[in-house]
Amino acid sequence: MAGLITRFAPSPTGPLHLGHAFSALTAFDNARAVGGHCLLRIEDIDSARCKVGFEQAIYEDLHWLGIEWPQPVLHQSRRSAAYAAALARLESLGVTYHCTCTRGDIRAALSAPQEGLPLVGPDGPVYPGICRDAGRPAPDAAIRLNMARAVARIRDLGFDELGPLHTGPHLFDPEALIAGVGDIVLARRDIGTSYHLAVTVDDAAQGVSLVTRGDDLFDATAIHVVLQRLLGLPTPAYHHHRLIRDATGKRLAKRDDSQALGLYRAEGATPEDIRALVGLARRV
């Protein structure tokens with residue numbers, strides 16, 4: 001892909017571990033192979049959990065791995081106006097509504113006697129639509145996407161997957177999105193946007209043509225394609241890669257300090273050692 005632009009987009013909420021190294025190196029290698037660019041984006045919208053020290057450690061770990069990136073680095077915490085504009089656009093289309101439900105309200109509704117178990121989508125249990133027809137704005141409410149109204153406005157819900165796990169074109173079924181994804185949150189009470197809205201807006205703003213990320217986010221691609229269509233944004237190609245797991249098969253998380261890159265560095269590991277640990281070829 002000539003002119004390829006991909007990205008590595010960590011959140012500074014803890015130390016980078018082997019899984020982050022694999023994702024960053026995969027993105028960087030893919031871009032380097034075709035003369036493209038790998039951008040760095042700091043996804044720091046959750047200010048309560050993000051720390052300056054973790055952000056600085058991200059830069060140090062990536063430099064140590066031999067990864068460089070164009071400047072300036074995009075910080076989501078500085079993009080609130082762009083997210084607000086996108087949200088206003090969606091509201092003008094009539095595909096959003098205010099939701100005052102607490103987590104307890106949702107759990108209670110989902111546990112009520114009914115046939116079968118609650119469906120689980122990319123954001124967890126599918127929202128049961130308690131506030132969907134409330135018809136009134138509410139202060140301090142979350143804002144949800146009315147998925148049924150959204151997909152009714154869209155003809156093509158497809159994207160191309162270039163990664164080895166799901167290679168090929170994919171086309172989402174609108175009814176499956178309504179039932180299996182549901183009315184996802186677009187703006188949270190405590191944060192003026194959601195992950196889904198922010199990454200969709202930012203990928204377009206940065207001209208990302210290939211989204212490189214872990215397979216745990218494959219199902220979320222449906223949400224991002226819906227938002228791209230509604231907002232008139234381009235749909236990039238996607239590369240969802242395998243996840244790095246511990247000896248028990250559990251996916252690594254930031255609490256797995258034993259897998260932190262800083263610890264490997266302190267113990268004398270080299271960047272090539274990290275490549276070997278995550279199953280990547282030596283850099284040529």
# chains A, B, ... in the order shown; residues from 1 in each chain; ligands from 1

$ residues_around --residues "Ala260 in chain A" --least-positions-apart "6" --cutoff "7 Å" --atoms "only C-alpha atoms" --output "short mmCIF file (atom, residue, chain, number, x, y, z; two decimals) with N, CA and C atoms, in the first residue's frame"
data_model
loop_
_atom_site.label_atom_id
_atom_site.label_comp_id
_atom_site.auth_asym_id
_atom_site.auth_seq_id
_atom_site.Cartn_x
_atom_site.Cartn_y
_atom_site.Cartn_z
N PRO A 15 2.53 0.75 32.52
CA PRO A 15 3.71 0.49 31.69
C PRO A 15 3.37 -0.35 30.46
N LEU A 16 4.09 -0.11 29.38
CA LEU A 16 3.94 -0.95 28.19
C LEU A 16 4.48 -2.34 28.49
N HIS A 17 3.81 -3.37 27.97
CA HIS A 17 4.26 -4.74 28.16
C HIS A 17 4.54 -5.39 26.80
N LEU A 18 4.79 -6.69 26.82
CA LEU A 18 5.15 -7.38 25.58
C LEU A 18 4.05 -7.29 24.52
#

$ residues_around --residues "Thr100 in chain A" --least-positions-apart "6" --cutoff "10 Å" --atoms "only C-alpha atoms" --output "list of chain:residue names"
A:Ile130, A:Cys131, A:Ala134, A:Pro137, A:Ala138, A:Pro139, A:Asp140, A:Ala141, A:Ala142, A:Ile143, A:Arg189

$ write_last_selection --atoms "all heavy atoms" --output "mmCIF file, in the first residue's frame"
data_model
loop_
_atom_site.group_PDB
_atom_site.id
_atom_site.type_symbol
_atom_site.label_atom_id
_atom_site.label_comp_id
_atom_site.auth_asym_id
_atom_site.auth_seq_id
_atom_site.Cartn_x
_atom_site.Cartn_y
_atom_site.Cartn_z
ATOM 1 N N ILE A 130 -33.544 1.046 27.679
ATOM 2 C CA ILE A 130 -34.421 1.630 28.707
ATOM 3 C C ILE A 130 -34.795 3.075 28.380
ATOM 4 O O ILE A 130 -35.947 3.481 28.499
ATOM 5 C CB ILE A 130 -33.736 1.558 30.086
ATOM 6 C CG1 ILE A 130 -33.398 0.114 30.449
ATOM 7 C CG2 ILE A 130 -34.612 2.193 31.165
ATOM 8 C CD1 ILE A 130 -32.459 -0.012 31.628
ATOM 9 N N CYS A 131 -33.807 3.875 27.959
ATOM 10 C CA CYS A 131 -34.040 5.310 27.724
ATOM 11 C C CYS A 131 -34.300 5.651 26.252
ATOM 12 O O CYS A 131 -34.446 6.819 25.911
ATOM 13 C CB CYS A 131 -32.831 6.116 28.211
ATOM 14 S SG CYS A 131 -32.587 6.111 29.997
ATOM 15 N N ALA A 134 -37.337 7.798 25.679
ATOM 16 C CA ALA A 134 -37.662 8.804 26.700
ATOM 17 C C ALA A 134 -38.007 10.145 26.062
ATOM 18 O O ALA A 134 -38.860 10.880 26.548
ATOM 19 C CB ALA A 134 -36.498 8.951 27.673
ATOM 20 N N PRO A 137 -34.033 15.501 26.634
ATOM 21 C CA PRO A 137 -32.638 15.630 27.072
ATOM 22 C C PRO A 137 -32.570 15.666 28.584
ATOM 23 O O PRO A 137 -33.536 16.040 29.256
ATOM 24 C CB PRO A 137 -32.195 16.959 26.457
ATOM 25 C CG PRO A 137 -33.456 17.734 26.282
ATOM 26 C CD PRO A 137 -34.533 16.728 25.993
ATOM 27 N N ALA A 138 -31.453 15.275 29.118
ATOM 28 C CA ALA A 138 -31.276 15.276 30.567
ATOM 29 C C ALA A 138 -29.858 15.728 30.898
ATOM 30 O O ALA A 138 -28.909 15.304 30.246
ATOM 31 C CB ALA A 138 -31.522 13.874 31.129
ATOM 32 N N PRO A 139 -29.721 16.605 31.878
ATOM 33 C CA PRO A 139 -28.377 17.031 32.257
ATOM 34 C C PRO A 139 -27.584 15.862 32.822
ATOM 35 O O PRO A 139 -28.138 14.971 33.465
ATOM 36 C CB PRO A 139 -28.646 18.096 33.332
ATOM 37 C CG PRO A 139 -30.008 17.771 33.864
ATOM 38 C CD PRO A 139 -30.776 17.215 32.712
ATOM 39 N N ASP A 140 -26.300 15.879 32.558
ATOM 40 C CA ASP A 140 -25.379 14.843 33.063
ATOM 41 C C ASP A 140 -25.718 13.447 32.556
ATOM 42 O O ASP A 140 -25.370 12.456 33.202
ATOM 43 C CB ASP A 140 -25.373 14.840 34.601
ATOM 44 C CG ASP A 140 -24.901 16.170 35.166
ATOM 45 O OD1 ASP A 140 -23.991 16.760 34.566
ATOM 46 O OD2 ASP A 140 -25.448 16.608 36.186
ATOM 47 N N ALA A 141 -26.421 13.367 31.427
ATOM 48 C CA ALA A 141 -26.749 12.063 30.862
ATOM 49 C C ALA A 141 -25.637 11.611 29.917
ATOM 50 O O ALA A 141 -24.896 12.434 29.358
ATOM 51 C CB ALA A 141 -28.067 12.126 30.101
ATOM 52 N N ALA A 142 -25.519 10.319 29.761
ATOM 53 C CA ALA A 142 -24.687 9.783 28.684
ATOM 54 C C ALA A 142 -25.465 9.921 27.373
ATOM 55 O O ALA A 142 -26.691 10.100 27.380
ATOM 56 C CB ALA A 142 -24.359 8.321 28.962
ATOM 57 N N ILE A 143 -24.767 9.871 26.272
ATOM 58 C CA ILE A 143 -25.420 9.932 24.963
ATOM 59 C C ILE A 143 -25.143 8.616 24.241
ATOM 60 O O ILE A 143 -24.000 8.184 24.121
ATOM 61 C CB ILE A 143 -24.922 11.126 24.137
ATOM 62 C CG1 ILE A 143 -25.269 12.431 24.866
ATOM 63 C CG2 ILE A 143 -25.545 11.101 22.745
ATOM 64 C CD1 ILE A 143 -24.775 13.666 24.165
ATOM 65 N N ARG A 189 -20.699 10.430 30.887
ATOM 66 C CA ARG A 189 -20.946 11.528 31.816
ATOM 67 C C ARG A 189 -19.645 12.194 32.265
ATOM 68 O O ARG A 189 -19.552 13.415 32.353
ATOM 69 C CB ARG A 189 -21.696 11.011 33.051
ATOM 70 C CG ARG A 189 -23.104 10.491 32.778
ATOM 71 C CD ARG A 189 -23.762 10.055 34.083
ATOM 72 N NE ARG A 189 -25.124 9.583 33.892
ATOM 73 C CZ ARG A 189 -25.453 8.320 33.688
ATOM 74 N NH1 ARG A 189 -24.505 7.404 33.609
ATOM 75 N NH2 ARG A 189 -26.716 7.964 33.536
#

$ closest_residue --among "A:Met147, A:Leu165, A:Leu110, A:Ala82" --to "Gly124 in chain A" --atoms "only C-alpha atoms"
A:Leu110

$ atom_distance --atom1 "CA of Asp160 in chain A" --atom2 "CA of Arg41 in chain A"
22.6 Å

$ closest_residue --among "A:Ala88, A:Asp123, A:Gly168, A:Tyr195" --to "Ser11 in chain A" --atoms "only C-alpha atoms"
A:Tyr195

$ closest_residue --among "A:Leu145, A:Val201, A:Ile67, A:Ala81" --to "Gly94 in chain A" --atoms "only C-alpha atoms"
A:Leu145

$ residues_around --residues "range 32-38 of chain A" --least-positions-apart "3" --cutoff "10 Å" --atoms "only C-alpha atoms" --output "PyMOL selection string"
chain A and resi 1-8+24-29+41+67-70+208+210+212
